[in-house]
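Asker: So that you have it, the file is protein10.pdb, and it contains PDB, C-alpha atoms and all ligand atoms:
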```pdb
ATOM      1  CA  MET A 112      14.817 -79.647  77.322  1.00  0.00           C
ATOM      2  CA  GLN A 113      16.674 -82.939  77.158  1.00  0.00           C
ATOM      3  CA  GLY A 114      17.023 -84.803  73.907  1.00  0.00           C
ATOM      4  CA  PHE A 115      13.820 -86.115  72.441  1.00  0.00           C
ATOM      5  CA  GLN A 116      12.629 -88.123  69.467  1.00  0.00           C
ATOM      6  CA  LEU A 117      10.261 -86.543  66.978  1.00  0.00           C
ATOM      7  CA  GLU A 118       7.981 -88.554  64.690  1.00  0.00           C
ATOM      8  CA  ILE A 119       5.554 -86.906  62.296  1.00  0.00           C
ATOM      9  CA  PHE A 120       2.841 -88.689  60.365  1.00  0.00           C
ATOM     10  CA  PRO A 121       0.029 -87.705  58.019  1.00  0.00           C
ATOM     11  CA  GLU A 122      -3.244 -87.134  59.851  1.00  0.00           C
ATOM     12  CA  GLY A 123      -5.349 -90.160  60.613  1.00  0.00           C
ATOM     13  CA  PRO A 124      -4.872 -93.889  60.973  1.00  0.00           C
ATOM     14  CA  VAL A 125      -1.146 -94.032  60.216  1.00  0.00           C
ATOM     15  CA  LEU A 126      -0.334 -91.959  63.292  1.00  0.00           C
ATOM     16  CA  ILE A 127      -2.599 -94.073  65.510  1.00  0.00           C
ATOM     17  CA  GLN A 128      -1.066 -97.259  64.114  1.00  0.00           C
ATOM     18  CA  ARG A 129       2.369 -95.950  65.100  1.00  0.00           C
ATOM     19  CA  ALA A 130       1.068 -95.171  68.595  1.00  0.00           C
ATOM     20  CA  ILE A 131      -0.200 -98.739  68.898  1.00  0.00           C
ATOM     21  CA  GLU A 132       3.175-100.072  67.767  1.00  0.00           C
ATOM     22  CA  ILE A 133       4.844 -98.052  70.531  1.00  0.00           C
ATOM     23  CA  TRP A 134       2.348 -99.389  73.076  1.00  0.00           C
ATOM     24  CA  GLN A 135       2.930-102.969  71.902  1.00  0.00           C
ATOM     25  CA  ALA A 136       6.721-102.671  71.913  1.00  0.00           C
ATOM     26  CA  ARG A 137       6.873-101.130  75.366  1.00  0.00           C
ATOM     27  CA  SER A 138       4.375-103.596  76.824  1.00  0.00           C
ATOM     28  CA  ALA A 139       6.214-106.617  75.378  1.00  0.00           C
ATOM     29  CA  ALA A 140       9.497-105.413  76.887  1.00  0.00           C
ATOM     30  CA  ALA A 141       7.938-104.631  80.279  1.00  0.00           C
ATOM     31  CA  ILE A 142       6.095-107.954  80.531  1.00  0.00           C
ATOM     32  CA  ARG A 143       9.229-109.836  79.461  1.00  0.00           C
ATOM     33  CA  GLU A 144      11.293-108.077  82.117  1.00  0.00           C
ATOM     34  CA  ARG A 145       8.822-107.727  84.995  1.00  0.00           C
ATOM     35  CA  GLY A 146       5.698-109.676  84.156  1.00  0.00           C
ATOM     36  CA  ARG A 147       3.509-106.573  83.905  1.00  0.00           C
ATOM     37  CA  PHE A 148       3.108-103.366  81.917  1.00  0.00           C
ATOM     38  CA  THR A 149       2.254-100.130  83.700  1.00  0.00           C
ATOM     39  CA  VAL A 150       0.836 -97.400  81.497  1.00  0.00           C
ATOM     40  CA  VAL A 151      -0.469 -93.899  82.239  1.00  0.00           C
ATOM     41  CA  LEU A 152      -3.350 -92.692  80.089  1.00  0.00           C
ATOM     42  CA  ALA A 153      -3.745 -89.123  78.887  1.00  0.00           C
ATOM     43  CA  GLY A 154      -7.096 -87.377  79.083  1.00  0.00           C
ATOM     44  CA  GLY A 155      -8.774 -84.971  76.722  1.00  0.00           C
ATOM     45  CA  ASN A 156      -9.841 -85.631  73.132  1.00  0.00           C
ATOM     46  CA  THR A 157      -6.656 -86.483  71.262  1.00  0.00           C
ATOM     47  CA  PRO A 158      -6.108 -89.983  72.694  1.00  0.00           C
ATOM     48  CA  LYS A 159      -9.706 -91.131  72.089  1.00  0.00           C
ATOM     49  CA  LYS A 160      -8.772 -92.508  68.662  1.00  0.00           C
ATOM     50  CA  LEU A 161      -5.822 -94.356  70.130  1.00  0.00           C
ATOM     51  CA  TYR A 162      -7.914 -95.966  72.866  1.00  0.00           C
ATOM     52  CA  ALA A 163     -10.667 -96.921  70.394  1.00  0.00           C
ATOM     53  CA  ALA A 164      -8.098 -98.469  68.038  1.00  0.00           C
ATOM     54  CA  LEU A 165      -6.406-100.333  70.909  1.00  0.00           C
ATOM     55  CA  ALA A 166      -9.781-101.794  71.854  1.00  0.00           C
ATOM     56  CA  GLN A 167      -9.976-103.309  68.371  1.00  0.00           C
ATOM     57  CA  THR A 168      -6.354-104.497  68.250  1.00  0.00           C
ATOM     58  CA  PRO A 169      -5.925-108.240  68.762  1.00  0.00           C
ATOM     59  CA  GLY A 170      -3.165-109.577  70.974  1.00  0.00           C
ATOM     60  CA  ILE A 171      -2.833-106.679  73.413  1.00  0.00           C
ATOM     61  CA  PRO A 172      -1.813-108.383  76.712  1.00  0.00           C
ATOM     62  CA  TRP A 173      -4.546-106.817  78.857  1.00  0.00           C
ATOM     63  CA  GLN A 174      -4.173-109.531  81.524  1.00  0.00           C
ATOM     64  CA  GLN A 175      -0.683-108.196  82.285  1.00  0.00           C
ATOM     65  CA  THR A 176      -1.511-104.513  81.806  1.00  0.00           C
ATOM     66  CA  TRP A 177      -2.034-102.039  84.662  1.00  0.00           C
ATOM     67  CA  LEU A 178      -3.774 -98.772  83.747  1.00  0.00           C
ATOM     68  CA  PHE A 179      -3.297 -95.446  85.537  1.00  0.00           C
ATOM     69  CA  TRP A 180      -4.428 -91.907  84.742  1.00  0.00           C
ATOM     70  CA  GLY A 181      -2.141 -88.914  84.335  1.00  0.00           C
ATOM     71  CA  ASP A 182      -4.834 -86.524  85.457  1.00  0.00           C
ATOM     72  CA  GLU A 183      -8.539 -86.215  86.117  1.00  0.00           C
ATOM     73  CA  ARG A 184     -11.096 -83.462  86.167  1.00  0.00           C
ATOM     74  CA  TYR A 185     -12.653 -83.155  89.613  1.00  0.00           C
ATOM     75  CA  VAL A 186     -16.040 -84.516  88.564  1.00  0.00           C
ATOM     76  CA  PRO A 187     -17.915 -87.785  89.209  1.00  0.00           C
ATOM     77  CA  PRO A 188     -16.694 -90.778  87.162  1.00  0.00           C
ATOM     78  CA  ASP A 189     -19.835 -90.743  85.023  1.00  0.00           C
ATOM     79  CA  HIS A 190     -19.614 -87.020  84.244  1.00  0.00           C
ATOM     80  CA  PRO A 191     -19.252 -86.080  80.545  1.00  0.00           C
ATOM     81  CA  GLU A 192     -15.948 -84.324  81.382  1.00  0.00           C
ATOM     82  CA  SER A 193     -14.482 -87.302  83.237  1.00  0.00           C
ATOM     83  CA  ASN A 194     -11.299 -88.768  81.750  1.00  0.00           C
ATOM     84  CA  TYR A 195     -12.229 -92.050  83.417  1.00  0.00           C
ATOM     85  CA  ARG A 196     -15.590 -92.052  81.613  1.00  0.00           C
ATOM     86  CA  MET A 197     -13.840 -91.255  78.317  1.00  0.00           C
ATOM     87  CA  VAL A 198     -11.489 -94.231  78.764  1.00  0.00           C
ATOM     88  CA  ARG A 199     -14.348 -96.478  79.955  1.00  0.00           C
ATOM     89  CA  GLU A 200     -16.373 -95.683  76.832  1.00  0.00           C
ATOM     90  CA  THR A 201     -13.532 -95.824  74.295  1.00  0.00           C
ATOM     91  CA  LEU A 202     -11.558 -98.716  75.766  1.00  0.00           C
ATOM     92  CA  LEU A 203     -12.535-100.432  79.011  1.00  0.00           C
ATOM     93  CA  GLU A 204     -15.996-101.509  77.876  1.00  0.00           C
ATOM     94  CA  GLN A 205     -14.478-103.337  74.901  1.00  0.00           C
ATOM     95  CA  ILE A 206     -11.591-105.203  76.558  1.00  0.00           C
ATOM     96  CA  GLY A 207     -11.277-107.839  79.251  1.00  0.00           C
ATOM     97  CA  ILE A 208      -8.759-106.149  81.507  1.00  0.00           C
ATOM     98  CA  PRO A 209      -9.043-107.258  85.158  1.00  0.00           C
ATOM     99  CA  ALA A 210     -10.791-104.469  87.113  1.00  0.00           C
ATOM    100  CA  ALA A 211      -8.159-104.906  89.837  1.00  0.00           C
ATOM    101  CA  GLN A 212      -5.580-103.579  87.347  1.00  0.00           C
ATOM    102  CA  VAL A 213      -7.453-100.381  86.455  1.00  0.00           C
ATOM    103  CA  PHE A 214      -6.716 -97.371  88.692  1.00  0.00           C
ATOM    104  CA  PRO A 215      -8.808 -94.311  87.926  1.00  0.00           C
ATOM    105  CA  MET A 216      -8.156 -91.202  90.002  1.00  0.00           C
ATOM    106  CA  PRO A 217     -10.780 -90.870  92.785  1.00  0.00           C
ATOM    107  CA  THR A 218     -12.943 -87.730  92.719  1.00  0.00           C
ATOM    108  CA  GLN A 219     -15.656 -88.504  95.269  1.00  0.00           C
ATOM    109  CA  ALA A 220     -14.241 -87.306  98.600  1.00  0.00           C
ATOM    110  CA  GLY A 221     -15.537 -83.773  98.061  1.00  0.00           C
ATOM    111  CA  ASP A 222     -11.973 -82.577  98.670  1.00  0.00           C
ATOM    112  CA  PRO A 223      -9.404 -82.739  95.831  1.00  0.00           C
ATOM    113  CA  LEU A 224      -6.497 -82.787  98.284  1.00  0.00           C
ATOM    114  CA  ARG A 225      -7.914 -85.865 100.006  1.00  0.00           C
ATOM    115  CA  ASP A 226      -8.482 -87.624  96.711  1.00  0.00           C
ATOM    116  CA  ALA A 227      -4.981 -86.730  95.531  1.00  0.00           C
ATOM    117  CA  ALA A 228      -3.583 -88.219  98.750  1.00  0.00           C
ATOM    118  CA  GLU A 229      -5.712 -91.320  98.274  1.00  0.00           C
ATOM    119  CA  TYR A 230      -4.408 -91.880  94.748  1.00  0.00           C
ATOM    120  CA  GLU A 231      -0.858 -91.418  95.960  1.00  0.00           C
ATOM    121  CA  ALA A 232      -1.513 -93.972  98.719  1.00  0.00           C
ATOM    122  CA  THR A 233      -2.786 -96.378  96.061  1.00  0.00           C
ATOM    123  CA  LEU A 234       0.375 -95.880  94.015  1.00  0.00           C
ATOM    124  CA  ARG A 235       2.538 -96.416  97.096  1.00  0.00           C
ATOM    125  CA  GLN A 236       0.627 -99.602  97.925  1.00  0.00           C
ATOM    126  CA  ILE A 237       1.383-100.908  94.429  1.00  0.00           C
ATOM    127  CA  PHE A 238       4.930 -99.635  93.915  1.00  0.00           C
ATOM    128  CA  GLY A 239       6.288 -99.153  97.433  1.00  0.00           C
ATOM    129  CA  ALA A 240       8.008 -96.119  98.867  1.00  0.00           C
ATOM    130  CA  GLU A 241      10.242 -95.399  95.882  1.00  0.00           C
ATOM    131  CA  CYS A 242       8.856 -93.189  93.128  1.00  0.00           C
ATOM    132  CA  PRO A 243       7.777 -95.691  90.452  1.00  0.00           C
ATOM    133  CA  SER A 244       9.293 -95.832  87.002  1.00  0.00           C
ATOM    134  CA  LEU A 245       6.131 -96.340  84.992  1.00  0.00           C
ATOM    135  CA  ASP A 246       6.707 -98.097  81.711  1.00  0.00           C
ATOM    136  CA  LEU A 247       4.824 -95.783  79.376  1.00  0.00           C
ATOM    137  CA  VAL A 248       3.209 -92.384  79.999  1.00  0.00           C
ATOM    138  CA  TRP A 249       0.905 -90.868  77.375  1.00  0.00           C
ATOM    139  CA  LEU A 250       0.513 -87.113  77.573  1.00  0.00           C
ATOM    140  CA  GLY A 251      -1.259 -84.454  75.587  1.00  0.00           C
ATOM    141  CA  VAL A 252      -0.460 -80.747  75.360  1.00  0.00           C
ATOM    142  CA  GLY A 253      -2.889 -77.880  75.680  1.00  0.00           C
ATOM    143  CA  GLU A 254      -2.682 -74.724  73.575  1.00  0.00           C
ATOM    144  CA  ASP A 255      -1.210 -72.983  76.636  1.00  0.00           C
ATOM    145  CA  GLY A 256       1.522 -75.584  76.990  1.00  0.00           C
ATOM    146  CA  HIS A 257      -0.024 -77.464  79.913  1.00  0.00           C
ATOM    147  CA  THR A 258       0.252 -81.197  80.148  1.00  0.00           C
ATOM    148  CA  ALA A 259      -1.703 -83.581  82.358  1.00  0.00           C
ATOM    149  CA  SER A 260      -3.195 -80.983  84.704  1.00  0.00           C
ATOM    150  CA  LEU A 261       0.039 -79.087  85.180  1.00  0.00           C
ATOM    151  CA  PHE A 262      -1.083 -75.640  84.059  1.00  0.00           C
ATOM    152  CA  PRO A 263       1.098 -72.541  83.626  1.00  0.00           C
ATOM    153  CA  ASP A 264       1.736 -70.443  86.747  1.00  0.00           C
ATOM    154  CA  THR A 265       0.140 -72.899  89.155  1.00  0.00           C
ATOM    155  CA  ALA A 266       1.442 -74.336  92.409  1.00  0.00           C
ATOM    156  CA  ALA A 267       1.307 -77.879  91.016  1.00  0.00           C
ATOM    157  CA  LEU A 268       4.368 -77.102  88.892  1.00  0.00           C
ATOM    158  CA  GLN A 269       6.480 -76.743  92.041  1.00  0.00           C
ATOM    159  CA  VAL A 270       5.388 -79.948  93.775  1.00  0.00           C
ATOM    160  CA  GLN A 271       8.383 -82.220  94.206  1.00  0.00           C
ATOM    161  CA  HIS A 272       7.520 -84.104  97.398  1.00  0.00           C
ATOM    162  CA  ARG A 273       4.279 -85.655  96.172  1.00  0.00           C
ATOM    163  CA  TRP A 274       3.448 -88.056  93.354  1.00  0.00           C
ATOM    164  CA  VAL A 275      -0.110 -86.728  92.968  1.00  0.00           C
ATOM    165  CA  THR A 276      -1.339 -83.211  93.584  1.00  0.00           C
ATOM    166  CA  VAL A 277      -4.178 -80.817  92.851  1.00  0.00           C
ATOM    167  CA  GLY A 278      -3.857 -78.924  89.575  1.00  0.00           C
ATOM    168  CA  GLN A 279      -5.865 -75.823  88.752  1.00  0.00           C
ATOM    169  CA  LYS A 280      -7.413 -74.990  85.411  1.00  0.00           C
ATOM    170  CA  GLY A 281      -8.521 -71.474  86.319  1.00  0.00           C
ATOM    171  CA  GLN A 282     -10.896 -72.052  89.250  1.00  0.00           C
ATOM    172  CA  GLU A 283     -11.422 -75.691  88.322  1.00  0.00           C
ATOM    173  CA  PRO A 284      -9.511 -78.178  90.500  1.00  0.00           C
ATOM    174  CA  ARG A 285      -8.029 -81.265  88.868  1.00  0.00           C
ATOM    175  CA  LEU A 286      -5.946 -84.186  90.045  1.00  0.00           C
ATOM    176  CA  THR A 287      -2.592 -84.675  88.364  1.00  0.00           C
ATOM    177  CA  LEU A 288       0.546 -86.727  88.526  1.00  0.00           C
ATOM    178  CA  THR A 289       3.529 -84.527  89.346  1.00  0.00           C
ATOM    179  CA  TYR A 290       6.856 -84.053  87.590  1.00  0.00           C
ATOM    180  CA  PRO A 291       8.694 -86.494  89.898  1.00  0.00           C
ATOM    181  CA  VAL A 292       6.485 -89.329  88.659  1.00  0.00           C
ATOM    182  CA  LEU A 293       6.338 -88.220  85.031  1.00  0.00           C
ATOM    183  CA  ASN A 294      10.106 -87.757  84.910  1.00  0.00           C
ATOM    184  CA  GLN A 295      10.787 -91.177  86.431  1.00  0.00           C
ATOM    185  CA  ALA A 296       9.007 -92.869  83.501  1.00  0.00           C
ATOM    186  CA  ALA A 297      10.780 -95.314  81.206  1.00  0.00           C
ATOM    187  CA  GLN A 298       9.090 -93.628  78.255  1.00  0.00           C
ATOM    188  CA  VAL A 299       6.877 -90.566  77.773  1.00  0.00           C
ATOM    189  CA  VAL A 300       4.996 -89.954  74.536  1.00  0.00           C
ATOM    190  CA  PHE A 301       3.379 -86.627  73.766  1.00  0.00           C
ATOM    191  CA  LEU A 302       0.583 -87.447  71.322  1.00  0.00           C
ATOM    192  CA  VAL A 303      -0.369 -84.159  69.661  1.00  0.00           C
ATOM    193  CA  THR A 304      -2.573 -83.595  66.635  1.00  0.00           C
ATOM    194  CA  GLY A 305      -4.342 -80.773  64.860  1.00  0.00           C
ATOM    195  CA  ALA A 306      -3.496 -77.360  63.415  1.00  0.00           C
ATOM    196  CA  ASN A 307      -4.587 -75.636  66.614  1.00  0.00           C
ATOM    197  CA  LYS A 308      -1.604 -77.190  68.381  1.00  0.00           C
ATOM    198  CA  ALA A 309       0.980 -76.122  65.778  1.00  0.00           C
ATOM    199  CA  PRO A 310       1.944 -72.876  67.576  1.00  0.00           C
ATOM    200  CA  ILE A 311       2.450 -74.504  70.964  1.00  0.00           C
ATOM    201  CA  VAL A 312       4.331 -77.434  69.429  1.00  0.00           C
ATOM    202  CA  LYS A 313       6.706 -74.993  67.735  1.00  0.00           C
ATOM    203  CA  GLU A 314       7.142 -73.050  71.019  1.00  0.00           C
ATOM    204  CA  ALA A 315       7.645 -76.231  73.035  1.00  0.00           C
ATOM    205  CA  LEU A 316      10.250 -77.698  70.678  1.00  0.00           C
ATOM    206  CA  THR A 317      12.188 -74.588  69.717  1.00  0.00           C
ATOM    207  CA  THR A 318      12.385 -72.358  72.797  1.00  0.00           C
ATOM    208  CA  GLU A 319      14.051 -72.470  76.210  1.00  0.00           C
ATOM    209  CA  ALA A 320      11.966 -74.300  78.808  1.00  0.00           C
ATOM    210  CA  HIS A 321       9.183 -72.101  80.174  1.00  0.00           C
ATOM    211  CA  LEU A 322       6.078 -74.178  79.460  1.00  0.00           C
ATOM    212  CA  PRO A 323       4.806 -76.962  81.745  1.00  0.00           C
ATOM    213  CA  CYS A 324       5.165 -79.546  78.958  1.00  0.00           C
ATOM    214  CA  GLN A 325       8.829 -78.587  78.525  1.00  0.00           C
ATOM    215  CA  ARG A 326       9.602 -79.669  82.083  1.00  0.00           C
ATOM    216  CA  VAL A 327       8.713 -83.260  81.270  1.00  0.00           C
ATOM    217  CA  ASN A 328      12.176 -84.753  80.926  1.00  0.00           C
ATOM    218  CA  PRO A 329      11.883 -88.459  81.692  1.00  0.00           C
ATOM    219  CA  ARG A 330      14.876 -90.516  82.771  1.00  0.00           C
ATOM    220  CA  GLY A 331      13.884 -92.778  79.912  1.00  0.00           C
ATOM    221  CA  ARG A 332      12.826 -91.914  76.385  1.00  0.00           C
ATOM    222  CA  LEU A 333      10.845 -88.853  75.320  1.00  0.00           C
ATOM    223  CA  LEU A 334       8.924 -88.923  72.038  1.00  0.00           C
ATOM    224  CA  TRP A 335       6.834 -86.225  70.423  1.00  0.00           C
ATOM    225  CA  LEU A 336       4.391 -88.078  68.152  1.00  0.00           C
ATOM    226  CA  LEU A 337       2.706 -85.549  65.882  1.00  0.00           C
ATOM    227  CA  ASP A 338       0.491 -85.378  62.883  1.00  0.00           C
ATOM    228  CA  ALA A 339       1.487 -83.085  60.013  1.00  0.00           C
ATOM    229  CA  ALA A 340      -0.952 -80.385  61.087  1.00  0.00           C
ATOM    230  CA  ALA A 341       0.473 -80.121  64.598  1.00  0.00           C
ATOM    231  CA  ALA A 342       4.006 -80.139  63.176  1.00  0.00           C
ATOM    232  CA  ALA A 343       3.293 -77.578  60.455  1.00  0.00           C
ATOM    233  CA  GLN A 344       5.102 -74.647  62.126  1.00  0.00           C
ATOM    234  CA  LEU A 345       8.244 -76.566  63.030  1.00  0.00           C
ATOM    235  CA  PRO A 346      11.316 -75.325  61.207  1.00  0.00           C
ATOM    236  CA  LEU A 347      12.551 -77.471  58.352  1.00  0.00           C
ATOM    237  CA  PRO A 348      14.120 -79.994  58.188  1.00  0.00           C
ATOM    238  CA  CYS A 349      11.984 -81.167  61.143  1.00  0.00           C
ATOM    239  CA  VAL A 350       9.007 -81.543  58.885  1.00  0.00           C
ATOM    240  CA  PRO A 351       9.724 -84.311  56.399  1.00  0.00           C
ATOM    241  CA  LEU A 352       8.199 -83.994  52.983  1.00  0.00           C
ATOM    242  CA  LEU A 353       5.036 -85.972  53.545  1.00  0.00           C
ATOM    243  CA  SER A 354       3.886 -87.227  50.230  1.00  0.00           C
TER
HETATM  244  C1  LIG B 401      -7.063 -83.386  80.130  1.00  0.00           C
HETATM  245  C2  LIG B 401      -5.686 -83.771  79.686  1.00  0.00           C
HETATM  246  C3  LIG B 401      -4.980 -82.565  79.168  1.00  0.00           C
HETATM  247  C4  LIG B 401      -4.971 -82.771  77.669  1.00  0.00           C
HETATM  248  C5  LIG B 401      -4.655 -81.492  76.946  1.00  0.00           C
HETATM  249  C6  LIG B 401      -4.903 -81.673  75.446  1.00  0.00           C
HETATM  250  O1  LIG B 401      -7.537 -83.884  81.153  1.00  0.00           O
HETATM  251  O2  LIG B 401      -7.678 -82.620  79.354  1.00  0.00           O
HETATM  252  O3  LIG B 401      -5.004 -84.546  80.453  1.00  0.00           O
HETATM  253  O4  LIG B 401      -3.677 -82.380  79.620  1.00  0.00           O
HETATM  254  O5  LIG B 401      -4.022 -83.780  77.326  1.00  0.00           O
HETATM  255  O6  LIG B 401      -5.509 -80.486  77.458  1.00  0.00           O
HETATM  256  O7  LIG B 401      -6.282 -81.947  75.299  1.00  0.00           O
HETATM  257  P1  LIG B 401      -6.909 -82.357  73.875  1.00  0.00           P
HETATM  258  O8  LIG B 401      -6.326 -83.684  73.522  1.00  0.00           O
HETATM  259  O9  LIG B 401      -8.389 -82.414  74.134  1.00  0.00           O
HETATM  260  O10 LIG B 401      -6.498 -81.274  72.902  1.00  0.00           O
END
```
Please rewrite the model in this file as structure tokens.

Answerer:
Amino acid sequence: MQGFQLEIFPEGPVLIQRAIEIWQARSAAAIRERGRFTVVLAGGNTPKKLYAALAQTPGIPWQQTWLFWGDERYVPPDHPESNYRMVRETLLEQIGIPAAQVFPMPTQAGDPLRDAAEYEATLRQIFGAECPSLDLVWLGVGEDGHTASLFPDTAALQVQHRWVTVGQKGQEPRLTLTYPVLNQAAQVVFLVTGANKAPIVKEALTTEAHLPCQRVNPRGRLLWLLDAAAAAQLPLPCVPLLS
């Protein structure tokens, strides 16, 4: 794995506050340089607190922010498992972001491959033919080392010629951004919390690359943003004495 930054915080609001600071810093720089901020949202449970806190944070430049998803379960957008629904409920319903700047992954064609191609076409319409360098990509990590919907031992891990592909969680299809897009990002942040993630965090940060999350090596900055519980199995001196 390339070099990465590691930040560890006590559980709770301090970690989320740091995540918001990162969001604000990256968005200010992107808007200053290019007039807009492109951010990829992680799915799952971990980022819910971040999105809910962002919704309550004054001064976030939503009018210049463009939201994308890193992956999506192949369910309707109002399904309880939908990452779009999770973001709608925790964030979108509270903020005034222009709908034309919100790009959920489509899941209604009845064919994941078609929907993956449609999302890629949307990205190409926005960014052109060159693989985009998205400003900030939020990712989580599963206990098996997957990230986005790039699961161990699946074909999606090998996809280099597409920006969006079909991931497989067992028999369950999912849409996911691919490594070419993730690794073109200006910054990737793995936001990982909870004692259940401590073993995979230790494996991801202390072993040779063999997990999907370890193949995320962005051209820009890579940060692992952890709470103390998720960092608990890291070898000292990684784990600062958290008073
Ligand atoms: C998803 C995510 C997935 C998630 C990890 C961690 O759609 O579930 O994109 O990659 O980040 O599975 O999930 P938790 O945050 O729920 O532990």

Asker: Calculate, to one decimal in Å, the centre and edge lengths of the box along x, y and z of the file that holds all listed atoms of ligand LIG 401 (chain B) with 8 Å of margin on each side, and present them as JSON.

Answerer:
```
{"center_x": -6.0, "center_y": -82.5, "center_z": 77.0, "size_x": 20.7, "size_y": 20.1, "size_z": 24.3}
```

Asker: Just say which residues the PyMOL selection byres (((chain A and resi 274) around 6) and not hetatm) picks in this file, as number ranges by chain.

Answerer: A: 273, 275, 288-289, 292

Asker: Counting only C-alpha atoms and all ligand atoms, name the residues that have an atom within 10 Å of an atom of ligand LIG 401 (chain B); the answer should be given as a PyMOL selection string.

Answerer: chain A and resi 152-159+180-185+192-195+249-262+280+285-287+301-305+307-308+324

Asker: Any idea what's packed within 8 Å of region 223-225 of chain A, counting all atoms listed in the file, ignoring anything in its chain fewer than 3 positions away? Could you give it as a ChimeraX atom specification?

Answerer: /A:185,218,220,228-229,276-277,284-286

Asker: Quick one: residues within 12 Å of region 140-145 of chain A, only C-alpha atoms, excluding same-chain residues fewer than 6 positions away - as JSON, numbers by chain?

Answerer: {"A": [133, 134, 171, 172, 173, 174, 175, 176, 177, 244, 245, 246, 247, 297, 298]}

Asker: Could you tell me how far CA of Gln205 (chain A) lies from CA of Val300 (chain A), in Å and to one decimal?

Answerer: 23.6 Å

Asker: Given the file above and the PyMOL selection byres (((chain A and resi 316) around 12) and not hetatm), which residues are selected, and can you give them as a PyMOL selection string?

Answerer: chain A and resi 112-117+256+301+309-315+317-322+324-326+334-335+337+341-342+344-346+349

Asker: May I ask which of the residues A:Ala296, A:Phe214, A:Tyr230, A:Lys160 is the closest one to Glu122 (chain A), counting all atoms listed in the file?

Answerer: A:Lys160

Asker: In Å, how far is it from CA of Pro124 (chain A) to CA of Asn294 (chain A)?

Answerer: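 About the pair CA of Pro124 (chain A) and CA of Asn294 (chain A): they are 28.9 Å apart.
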
Asker: Just checking: using all atoms listed in the file, which residue out of A:Val151, A:Leu161, A:Glu241, A:Val248 ends up closest to Pro215 (chain A)?

Answerer: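 Residue with the minimum atom-to-atom distance to Pro215 (chain A): A:Val151.
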
Asker: For CA of Pro323 (chain A) and CA of Ala343 (chain A), quote the distance in Å rounded to one decimal.

Answerer: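 Separation of CA of Pro323 (chain A) and CA of Ala343 (chain A): 21.4 Å.
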
Asker: Measuring atom to atom with all atoms listed in the file, identify which of A:Gln282, A:Ala210, A:Thr149, A:Thr265 is nearest to Ile237 (chain A).

Answerer: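 Comparing A:Gln282, A:Ala210, A:Thr149, A:Thr265 against Ile237 (chain A), the winner is A:Thr149.
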
Asker: Measuring between only C-alpha atoms, which one of A:Leu165, A:Leu234, A:Ala339, A:Ile208 shows the shortest distance to Phe179 (chain A)?

Answerer: A:Leu234

Asker: Between A:Ala267, A:Leu333, A:Ala211, A:Ala340, which residue has the minimum interatomic distance to Leu178 (chain A), considering all atoms listed in the file?

Answerer: A:Ala211

Asker: N, CA, C and O atoms are what I want for region 312-320 of chain A; can you complete it accordingly and write them as a CSV table (one decimal), in the frame of the given file?

Answerer:
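Dumped to result05.csv:
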```
chain,number,residue,atom,x,y,z
A,312,VAL,N,3.3,-76.4,69.7
A,312,VAL,CA,4.3,-77.4,69.4
A,312,VAL,C,5.6,-76.7,69.0
A,312,VAL,O,6.7,-77.1,69.5
A,313,LYS,N,5.5,-75.7,68.2
A,313,LYS,CA,6.7,-75.0,67.7
A,313,LYS,C,7.4,-74.4,69.0
A,313,LYS,O,8.6,-74.5,69.2
A,314,GLU,N,6.6,-73.7,69.8
A,314,GLU,CA,7.1,-73.0,71.0
A,314,GLU,C,7.8,-74.1,71.9
A,314,GLU,O,8.9,-73.9,72.4
A,315,ALA,N,7.1,-75.2,72.1
A,315,ALA,CA,7.6,-76.2,73.0
A,315,ALA,C,9.0,-76.8,72.5
A,315,ALA,O,9.9,-77.1,73.3
A,316,LEU,N,9.1,-77.0,71.2
A,316,LEU,CA,10.2,-77.7,70.7
A,316,LEU,C,11.4,-76.8,70.2
A,316,LEU,O,12.4,-77.2,69.8
A,317,THR,N,11.1,-75.5,70.3
A,317,THR,CA,12.2,-74.6,69.7
A,317,THR,C,12.6,-73.4,70.7
A,317,THR,O,13.4,-72.6,70.3
A,318,THR,N,12.0,-73.5,71.9
A,318,THR,CA,12.4,-72.4,72.8
A,318,THR,C,12.9,-72.9,74.1
A,318,THR,O,12.7,-74.1,74.4
A,319,GLU,N,13.6,-72.1,74.9
A,319,GLU,CA,14.1,-72.5,76.2
A,319,GLU,C,12.8,-72.8,77.1
A,319,GLU,O,11.8,-72.3,77.0
A,320,ALA,N,13.1,-73.8,78.0
A,320,ALA,CA,12.0,-74.3,78.8
A,320,ALA,C,11.3,-73.2,79.6
A,320,ALA,O,11.9,-72.6,80.5
```
